[in-house]
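The structure file model27.cif is reproduced below (mmCIF, C-alpha atoms).
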data_coords
loop_
_atom_site.label_atom_id
_atom_site.label_comp_id
_atom_site.auth_asym_id
_atom_site.auth_seq_id
_atom_site.Cartn_x
_atom_site.Cartn_y
_atom_site.Cartn_z
CA ARG R 1 -60.61 -97.33 -4.30
CA LYS R 2 -60.30 -93.99 -2.50
CA GLN R 3 -61.74 -94.01 1.02
CA ARG R 4 -63.92 -91.16 2.17
CA LYS R 5 -62.46 -89.03 4.92
CA ARG R 6 -64.30 -89.75 8.15
CA ILE R 7 -65.60 -86.88 10.22
CA SER R 8 -66.05 -87.18 13.97
CA LEU R 9 -69.45 -86.59 15.52
CA SER R 10 -68.14 -83.53 17.41
CA ASP R 11 -66.76 -82.00 14.19
CA PHE R 12 -70.05 -82.70 12.41
CA VAL R 13 -72.01 -80.99 15.21
CA LYS R 14 -69.63 -78.00 15.21
CA LYS R 15 -69.91 -77.61 11.43
CA ASN R 16 -73.71 -77.74 11.46
CA LYS R 17 -73.90 -75.44 14.47
CA LYS R 18 -71.76 -72.88 12.61
CA ILE R 19 -74.02 -73.09 9.54
CA GLU R 20 -77.08 -72.59 11.76
CA THR R 21 -75.41 -69.58 13.39
CA ASN R 22 -74.53 -68.16 9.98
CA LYS R 23 -78.19 -68.36 8.93
CA MET R 24 -78.82 -65.52 11.35
CA LYS R 25 -76.35 -63.37 9.39
CA GLN R 26 -77.08 -61.82 6.04
CA PHE R 27 -75.23 -60.05 3.29
CA VAL R 28 -76.65 -57.50 0.87
CA LEU R 29 -74.39 -57.20 -2.18
CA VAL R 30 -74.43 -54.01 -4.25
CA HIS R 31 -72.93 -53.84 -7.75
CA GLY R 32 -70.85 -51.05 -9.29
CA GLY R 33 -71.67 -48.60 -12.05
CA GLY R 34 -73.12 -50.02 -15.26
CA HIS R 35 -73.24 -53.52 -13.77
CA GLY R 36 -76.03 -55.44 -12.04
CA ALA R 37 -76.78 -58.14 -9.50
CA TRP R 38 -75.47 -60.63 -12.09
CA CYS R 39 -71.86 -59.74 -11.23
CA TRP R 40 -72.14 -61.58 -7.89
CA TYR R 41 -72.99 -64.95 -9.47
CA LYS R 42 -69.76 -66.57 -8.21
CA ILE R 43 -69.99 -65.10 -4.70
CA LYS R 44 -73.64 -65.65 -3.77
CA PRO R 45 -73.69 -69.50 -3.90
CA VAL R 46 -70.41 -69.81 -1.97
CA LEU R 47 -71.69 -67.62 0.87
CA GLU R 48 -75.04 -69.44 0.86
CA ALA R 49 -73.26 -72.81 1.02
CA SER R 50 -71.63 -71.56 4.23
CA GLY R 51 -75.09 -70.88 5.63
CA TYR R 52 -75.38 -67.10 5.15
CA ARG R 53 -78.44 -65.38 3.76
CA VAL R 54 -77.53 -63.36 0.68
CA THR R 55 -79.50 -60.71 -1.19
CA VAL R 56 -78.24 -59.19 -4.43
CA VAL R 57 -79.90 -56.06 -5.74
CA ASP R 58 -80.19 -54.31 -9.09
CA LEU R 59 -80.04 -50.59 -8.50
CA MET R 60 -82.41 -48.45 -10.56
CA ALA R 61 -81.85 -48.76 -14.35
CA SER R 62 -79.25 -51.50 -13.72
CA GLY R 63 -79.16 -55.22 -14.47
CA VAL R 64 -82.73 -56.41 -15.07
CA ASN R 65 -84.32 -53.40 -13.37
CA MET R 66 -86.71 -52.08 -15.99
CA SER R 67 -86.42 -48.37 -15.10
CA LYS R 68 -84.79 -46.01 -17.58
CA VAL R 69 -81.74 -44.02 -16.55
CA GLU R 70 -83.59 -40.82 -17.51
CA GLU R 71 -86.06 -41.48 -14.67
CA ILE R 72 -83.34 -41.10 -12.02
CA GLN R 73 -83.35 -37.67 -10.42
CA SER R 74 -81.44 -38.28 -7.18
CA LEU R 75 -79.05 -40.65 -5.43
CA GLU R 76 -82.04 -41.86 -3.43
CA ASP R 77 -83.85 -42.71 -6.68
CA TYR R 78 -80.85 -44.65 -7.96
CA SER R 79 -80.48 -46.51 -4.65
CA LYS R 80 -84.21 -47.14 -4.15
CA PRO R 81 -84.11 -50.96 -4.68
CA LEU R 82 -81.39 -51.24 -2.01
CA LEU R 83 -83.21 -48.92 0.40
CA GLU R 84 -86.43 -50.94 -0.03
CA VAL R 85 -84.62 -54.17 0.84
CA ILE R 86 -83.22 -52.71 4.06
CA GLU R 87 -86.49 -51.02 4.96
CA SER R 88 -88.21 -54.42 4.74
CA PHE R 89 -86.04 -55.89 7.52
CA GLY R 90 -87.63 -56.82 10.82
CA SER R 91 -86.82 -54.76 13.91
CA GLU R 92 -84.11 -57.22 14.97
CA ASP R 93 -82.64 -57.82 11.50
CA LYS R 94 -79.22 -56.52 10.55
CA ALA R 95 -77.11 -56.96 7.44
CA ILE R 96 -73.58 -56.61 6.21
CA LEU R 97 -73.74 -54.24 3.23
CA VAL R 98 -71.11 -54.86 0.57
CA GLY R 99 -70.59 -52.19 -2.07
CA HIS R 100 -68.36 -52.62 -5.10
CA SER R 101 -66.93 -49.66 -7.03
CA LEU R 102 -69.62 -46.97 -7.52
CA GLY R 103 -71.99 -49.08 -5.39
CA GLY R 104 -70.13 -47.85 -2.33
CA ILE R 105 -71.91 -44.50 -2.53
CA SER R 106 -75.33 -46.22 -2.40
CA VAL R 107 -74.13 -48.34 0.52
CA ALA R 108 -73.06 -45.18 2.36
CA LEU R 109 -76.49 -43.62 1.76
CA ALA R 110 -78.25 -46.75 3.06
CA ALA R 111 -76.01 -46.79 6.14
CA ASP R 112 -76.85 -43.13 6.75
CA MET R 113 -80.60 -43.77 6.52
CA PHE R 114 -80.71 -47.09 8.41
CA PRO R 115 -77.65 -47.26 10.70
CA SER R 116 -79.39 -49.55 13.23
CA LYS R 117 -79.99 -52.17 10.54
CA ILE R 118 -76.34 -52.32 9.37
CA SER R 119 -73.81 -54.45 11.25
CA ALA R 120 -70.99 -53.41 8.88
CA ALA R 121 -70.51 -51.56 5.60
CA VAL R 122 -67.87 -53.15 3.38
CA PHE R 123 -66.26 -51.21 0.54
CA VAL R 124 -64.68 -53.46 -2.10
CA THR R 125 -62.30 -51.32 -4.19
CA SER R 126 -65.12 -48.89 -3.87
CA PHE R 127 -65.87 -45.18 -3.73
CA MET R 128 -66.23 -44.40 -0.04
CA PRO R 129 -67.78 -41.04 0.93
CA ASP R 130 -66.85 -39.17 4.10
CA ILE R 131 -69.07 -37.11 6.41
CA THR R 132 -67.51 -33.73 5.58
CA ASN R 133 -68.04 -33.45 1.83
CA PRO R 134 -71.02 -34.29 -0.42
CA PRO R 135 -71.42 -38.03 -1.22
CA SER R 136 -70.23 -37.42 -4.79
CA TYR R 137 -66.93 -35.85 -3.67
CA VAL R 138 -64.72 -38.94 -4.00
CA PHE R 139 -66.16 -39.94 -7.39
CA GLN R 140 -65.81 -36.44 -8.83
CA LYS R 141 -62.22 -36.27 -7.56
CA PHE R 142 -61.60 -39.59 -9.35
CA LEU R 143 -63.07 -38.28 -12.62
CA ARG R 144 -60.81 -35.22 -12.48
CA SER R 145 -57.78 -37.44 -11.89
CA LEU R 146 -58.22 -39.47 -15.10
CA SER R 147 -55.72 -38.82 -17.87
CA GLU R 148 -56.67 -38.95 -21.54
CA GLU R 149 -54.95 -42.33 -21.83
CA GLN R 150 -56.96 -43.71 -18.90
CA VAL R 151 -60.34 -42.53 -20.16
CA LEU R 152 -60.27 -44.79 -23.27
CA ASP R 153 -63.97 -45.36 -24.21
CA PHE R 154 -65.38 -44.45 -20.79
CA GLU R 155 -68.16 -42.16 -22.04
CA VAL R 156 -69.63 -39.48 -19.77
CA LYS R 157 -72.56 -37.48 -21.14
CA THR R 158 -74.92 -34.83 -19.79
CA SER R 159 -78.65 -35.31 -20.32
CA GLY R 160 -81.84 -34.73 -18.36
CA THR R 161 -83.55 -31.35 -18.14
CA LYS R 162 -82.51 -27.86 -17.07
CA ASP R 163 -84.16 -28.40 -13.69
CA HIS R 164 -82.84 -31.94 -13.32
CA PRO R 165 -79.56 -32.34 -15.23
CA LEU R 166 -78.20 -35.88 -15.26
CA MET R 167 -74.70 -37.04 -16.08
CA THR R 168 -74.57 -40.60 -17.40
CA ALA R 169 -71.64 -42.96 -17.83
CA TYR R 170 -71.01 -45.91 -20.13
CA LEU R 171 -68.12 -48.36 -19.80
CA GLY R 172 -66.96 -49.20 -23.33
CA PRO R 173 -65.18 -52.49 -24.13
CA LYS R 174 -61.67 -50.98 -23.96
CA TYR R 175 -62.29 -49.45 -20.55
CA LEU R 176 -63.98 -52.67 -19.37
CA LYS R 177 -60.96 -54.67 -20.50
CA ASN R 178 -58.82 -52.59 -18.17
CA LEU R 179 -61.18 -53.34 -15.27
CA TYR R 180 -61.27 -57.08 -16.08
CA ARG R 181 -57.56 -57.41 -16.97
CA LEU R 182 -56.93 -60.37 -14.61
CA SER R 183 -60.43 -61.87 -14.77
CA PRO R 184 -61.48 -64.86 -16.91
CA ILE R 185 -62.18 -63.87 -20.52
CA GLU R 186 -65.67 -65.40 -20.21
CA ASP R 187 -66.57 -62.90 -17.50
CA TYR R 188 -65.27 -60.02 -19.57
CA GLU R 189 -67.39 -61.20 -22.52
CA LEU R 190 -70.40 -61.52 -20.21
CA ALA R 191 -69.90 -57.94 -19.02
CA LYS R 192 -69.71 -56.64 -22.59
CA THR R 193 -73.19 -58.01 -23.25
CA LEU R 194 -74.80 -56.94 -19.96
CA VAL R 195 -73.30 -53.57 -18.98
CA ARG R 196 -75.76 -50.66 -19.29
CA VAL R 197 -75.57 -46.88 -19.34
CA GLY R 198 -75.87 -45.74 -15.74
CA PRO R 199 -75.99 -42.52 -13.76
CA SER R 200 -72.74 -40.79 -12.92
CA VAL R 201 -72.92 -39.96 -9.22
CA THR R 202 -72.05 -36.26 -9.34
CA SER R 203 -73.43 -33.43 -7.19
CA ASP R 204 -76.33 -33.03 -9.66
CA LEU R 205 -77.52 -36.47 -8.59
CA ALA R 206 -76.30 -36.73 -4.99
CA GLY R 207 -76.79 -33.13 -3.87
CA THR R 208 -74.41 -31.01 -1.83
CA LYS R 209 -75.37 -32.14 1.68
CA SER R 210 -72.90 -34.49 3.38
CA LEU R 211 -73.84 -37.75 5.06
CA THR R 212 -74.16 -37.60 8.86
CA GLU R 213 -71.88 -38.60 11.69
CA GLU R 214 -74.78 -40.07 13.70
CA GLY R 215 -75.95 -42.13 10.69
CA TYR R 216 -73.29 -43.30 8.24
CA GLY R 217 -70.48 -42.18 10.55
CA SER R 218 -71.67 -44.49 13.34
CA VAL R 219 -71.58 -47.67 11.22
CA THR R 220 -68.57 -50.03 11.30
CA ARG R 221 -66.73 -49.78 7.99
CA VAL R 222 -64.22 -52.17 6.42
CA TYR R 223 -62.31 -51.48 3.20
CA ILE R 224 -61.05 -54.25 0.90
CA ILE R 225 -58.19 -53.08 -1.33
CA CYS R 226 -57.62 -54.85 -4.64
CA GLY R 227 -53.89 -54.94 -5.20
CA GLU R 228 -53.79 -54.98 -9.01
CA ASP R 229 -56.68 -52.63 -9.73
CA LYS R 230 -55.87 -50.39 -12.70
CA GLY R 231 -59.36 -48.88 -12.77
CA LEU R 232 -59.42 -47.48 -9.24
CA SER R 233 -55.73 -47.34 -8.37
CA VAL R 234 -54.38 -48.61 -5.06
CA ASP R 235 -53.11 -45.08 -4.35
CA PHE R 236 -56.64 -43.70 -4.76
CA GLN R 237 -58.11 -46.49 -2.62
CA ARG R 238 -55.60 -45.69 0.13
CA TRP R 239 -56.31 -41.96 -0.17
CA MET R 240 -60.03 -42.62 0.51
CA ILE R 241 -59.11 -44.69 3.58
CA GLU R 242 -56.83 -41.91 4.83
CA ASN R 243 -59.56 -39.36 4.09
CA PHE R 244 -62.11 -41.25 6.21
CA PRO R 245 -60.41 -43.97 8.32
CA VAL R 246 -62.11 -47.34 8.66
CA LYS R 247 -62.24 -50.03 11.34
CA GLU R 248 -60.16 -52.46 9.28
CA VAL R 249 -58.35 -52.62 5.95
CA MET R 250 -57.98 -55.91 4.07
CA GLU R 251 -56.17 -56.49 0.80
CA ILE R 252 -56.66 -59.08 -1.93
CA LYS R 253 -53.35 -59.40 -3.73
CA GLY R 254 -53.53 -60.18 -7.44
CA ALA R 255 -57.11 -58.88 -7.75
CA ASP R 256 -58.11 -56.49 -10.52
CA HIS R 257 -61.07 -54.11 -10.24
CA MET R 258 -63.45 -57.10 -10.40
CA PRO R 259 -62.38 -59.37 -7.51
CA MET R 260 -65.66 -61.30 -7.71
CA PHE R 261 -64.27 -62.65 -11.00
CA SER R 262 -60.47 -62.48 -10.63
CA LYS R 263 -60.27 -63.67 -6.99
CA PRO R 264 -63.74 -64.95 -5.98
CA GLN R 265 -62.57 -67.34 -3.25
CA GLU R 266 -60.34 -64.73 -1.65
CA LEU R 267 -63.21 -62.22 -1.67
CA CYS R 268 -65.52 -64.77 -0.05
CA ASP R 269 -62.88 -65.49 2.61
CA CYS R 270 -62.69 -61.76 3.42
CA LEU R 271 -66.49 -61.48 3.68
CA VAL R 272 -66.80 -64.55 5.92
CA ASN R 273 -64.03 -63.14 8.11
CA ILE R 274 -65.94 -59.85 8.39
CA ALA R 275 -69.19 -61.67 9.23
CA ASP R 276 -67.48 -63.69 11.96
CA ARG R 277 -66.10 -60.59 13.64
CA TYR R 278 -68.61 -57.81 13.06
CA ALA R 279 -72.04 -59.41 12.59
#

Taking this structure as input, can you express it in the form of structure tokens?
Amino acid sequence: RKQRKRISLSDFVKKNKKIETNKMKQFVLVHGGGHGAWCWYKIKPVLEASGYRVTVVDLMASGVNMSKVEEIQSLEDYSKPLLEVIESFGSEDKAILVGHSLGGISVALAADMFPSKISAAVFVTSFMPDITNPPSYVFQKFLRSLSEEQVLDFEVKTSGTKDHPLMTAYLGPKYLKNLYRLSPIEDYELAKTLVRVGPSVTSDLAGTKSLTEEGYGSVTRVYIICGEDKGLSVDFQRWMIENFPVKEVMEIKGADHMPMFSKPQELCDCLVNIADRYA
């Protein structure tokens, strides 16, 4: 009969004290394009088990958000559910914002609007704007860099009206497969059933005004590189870091574009490390 490992009273107190301390810290997790809050289902319970408060949001016309993509006329519209969460914080509340992929642009906007409520902005293989160019600059540069072979069934269409043109994007199953290449097949199949058409964050949506140095530029930023990402290449990730240097760079080796599925424990370890040092 296997004996249970005994834990000393001092270790028990330390562990519970750490969990109580962590309860004062909170994460807000922001999904990438076409996805929703559902993509954090492996990350949220692990962070919560360590005592952190965790909020996952569906951006407008994403996940179970009932808005239609045609209703989105600006980056602020698209990011509204995230902005409302942060706006609801008490005067002393702060959060670690975590943006994945296209969600990084919404995180940057939130950091620009509410810098005093953000303890750190974390970009997970994510589009990271600077404070010189419009918020859409990095994403549009990425779109121009795609070869015909890389595009696969990544569909970009123009809709909306003459006054409010809107470019939308849809991640087809072949393109998704490339993003989920090292993730469990079950998660890839889940994504195929849940991914929606979403807005493409171009200058039509985000405008031409850059984010500010006193807002977004004043917030601590950390970038997490995914070492086997074939959707947003490591070279492009490193170019964004060089373009707008961050406080710290971490790397998850063996992670594809979806580290919450391909390397969930390693991603959680990175986030806990960030919370310990910056929150």

Report the closest atom pair, with its distance in Å rounded to one decimal, for each residue of segment 145-194 of chain R that has an atom no farther than 12 Å from segment 35-41 of chain R; count only C-alpha atoms, sort by chain and then rising residue number, and write it as a Markdown table.
| residue | atom | partner | partner_atom | distance |
| --- | --- | --- | --- | --- |
| R:Ala169 | CA | R:His35 | CA | 11.4 |
| R:Tyr170 | CA | R:His35 | CA | 10.2 |
| R:Leu171 | CA | R:His35 | CA | 9.4 |
| R:Leu176 | CA | R:His35 | CA | 10.9 |
| R:Tyr180 | CA | R:Cys39 | CA | 11.9 |
| R:Asp187 | CA | R:Cys39 | CA | 8.8 |
| R:Tyr188 | CA | R:Cys39 | CA | 10.6 |
| R:Leu190 | CA | R:Cys39 | CA | 9.3 |
| R:Ala191 | CA | R:His35 | CA | 7.6 |
| R:Lys192 | CA | R:His35 | CA | 10.0 |
| R:Thr193 | CA | R:His35 | CA | 10.5 |
| R:Leu194 | CA | R:His35 | CA | 7.2 |

Set the distance at 7 Å and use only C-alpha atoms: which residues neighbour Thr125 of chain R once local chain neighbours fewer than 6 positions away are removed? I'd like the list as a ChimeraX atom specification.
/R:100-101,224-226,232,237,257

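Going from atom CA of Ser91 of chain R to atom CA of Val272 of chain R covers 23.7 Å.
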
Tell me which residues the PyMOL selection byres ((chain R and resi 60) around 8) grabs here, as an NGL selection string.
:R and (58-59 or 61-62 or 65-69 or 72 or 77-81)

Which residues come within 9 Å of Asn178 of chain R, counting all atoms listed in the file, excluding same-chain residues fewer than 3 positions away, as a list in words?
Pro173, Lys174, Tyr175, Arg181, Leu182, Asp229, Lys230, Gly231, Asp256 and His257 of chain R

Pick out the residues sitting within 8 Å of Gly99 of chain R, and hand them over as a list in words; count all atoms listed in the file, and ignore anything fewer than 2 positions along from it in its own chain.
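The residues that qualify are Leu29, Val30, His31, Gly32, Leu97, Ser101, Leu102, Gly103, Gly104, Ile105, Ser106, Val107, Ala121, Val122, Phe123, Val124 and Ser126 of chain R.
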
Selected residue, from R:Val46, R:Leu152, R:Leu75, R:Leu143, that lies nearest to Leu271 of chain R when counting all atoms listed in the file:
R:Val46

So which one's closest to Cys268 of chain R, R:Ser159, R:Ser50, R:Ser218, R:Ser233? Using all atoms listed in the file, please.
R:Ser50

If the PyMOL selection byres ((chain R and resi 241-244) around 10) is run on the structure shown, which residues does it catch, given as a compact mmCIF listing (two decimals) with C-alpha atoms, in the coordinates of the input?
# COMPACT_ATOMS: atom_id res chain seq x y z
CA PHE R 127 -65.87 -45.18 -3.73
CA MET R 128 -66.23 -44.40 -0.04
CA PRO R 129 -67.78 -41.04 0.93
CA ASP R 130 -66.85 -39.17 4.10
CA ILE R 131 -69.07 -37.11 6.41
CA THR R 132 -67.51 -33.73 5.58
CA VAL R 138 -64.72 -38.94 -4.00
CA GLY R 217 -70.48 -42.18 10.55
CA ARG R 221 -66.73 -49.78 7.99
CA VAL R 222 -64.22 -52.17 6.42
CA TYR R 223 -62.31 -51.48 3.20
CA ILE R 225 -58.19 -53.08 -1.33
CA ASP R 235 -53.11 -45.08 -4.35
CA PHE R 236 -56.64 -43.70 -4.76
CA GLN R 237 -58.11 -46.49 -2.62
CA ARG R 238 -55.60 -45.69 0.13
CA TRP R 239 -56.31 -41.96 -0.17
CA MET R 240 -60.03 -42.62 0.51
CA PRO R 245 -60.41 -43.97 8.32
CA VAL R 246 -62.11 -47.34 8.66
CA LYS R 247 -62.24 -50.03 11.34
CA GLU R 248 -60.16 -52.46 9.28
CA VAL R 249 -58.35 -52.62 5.95
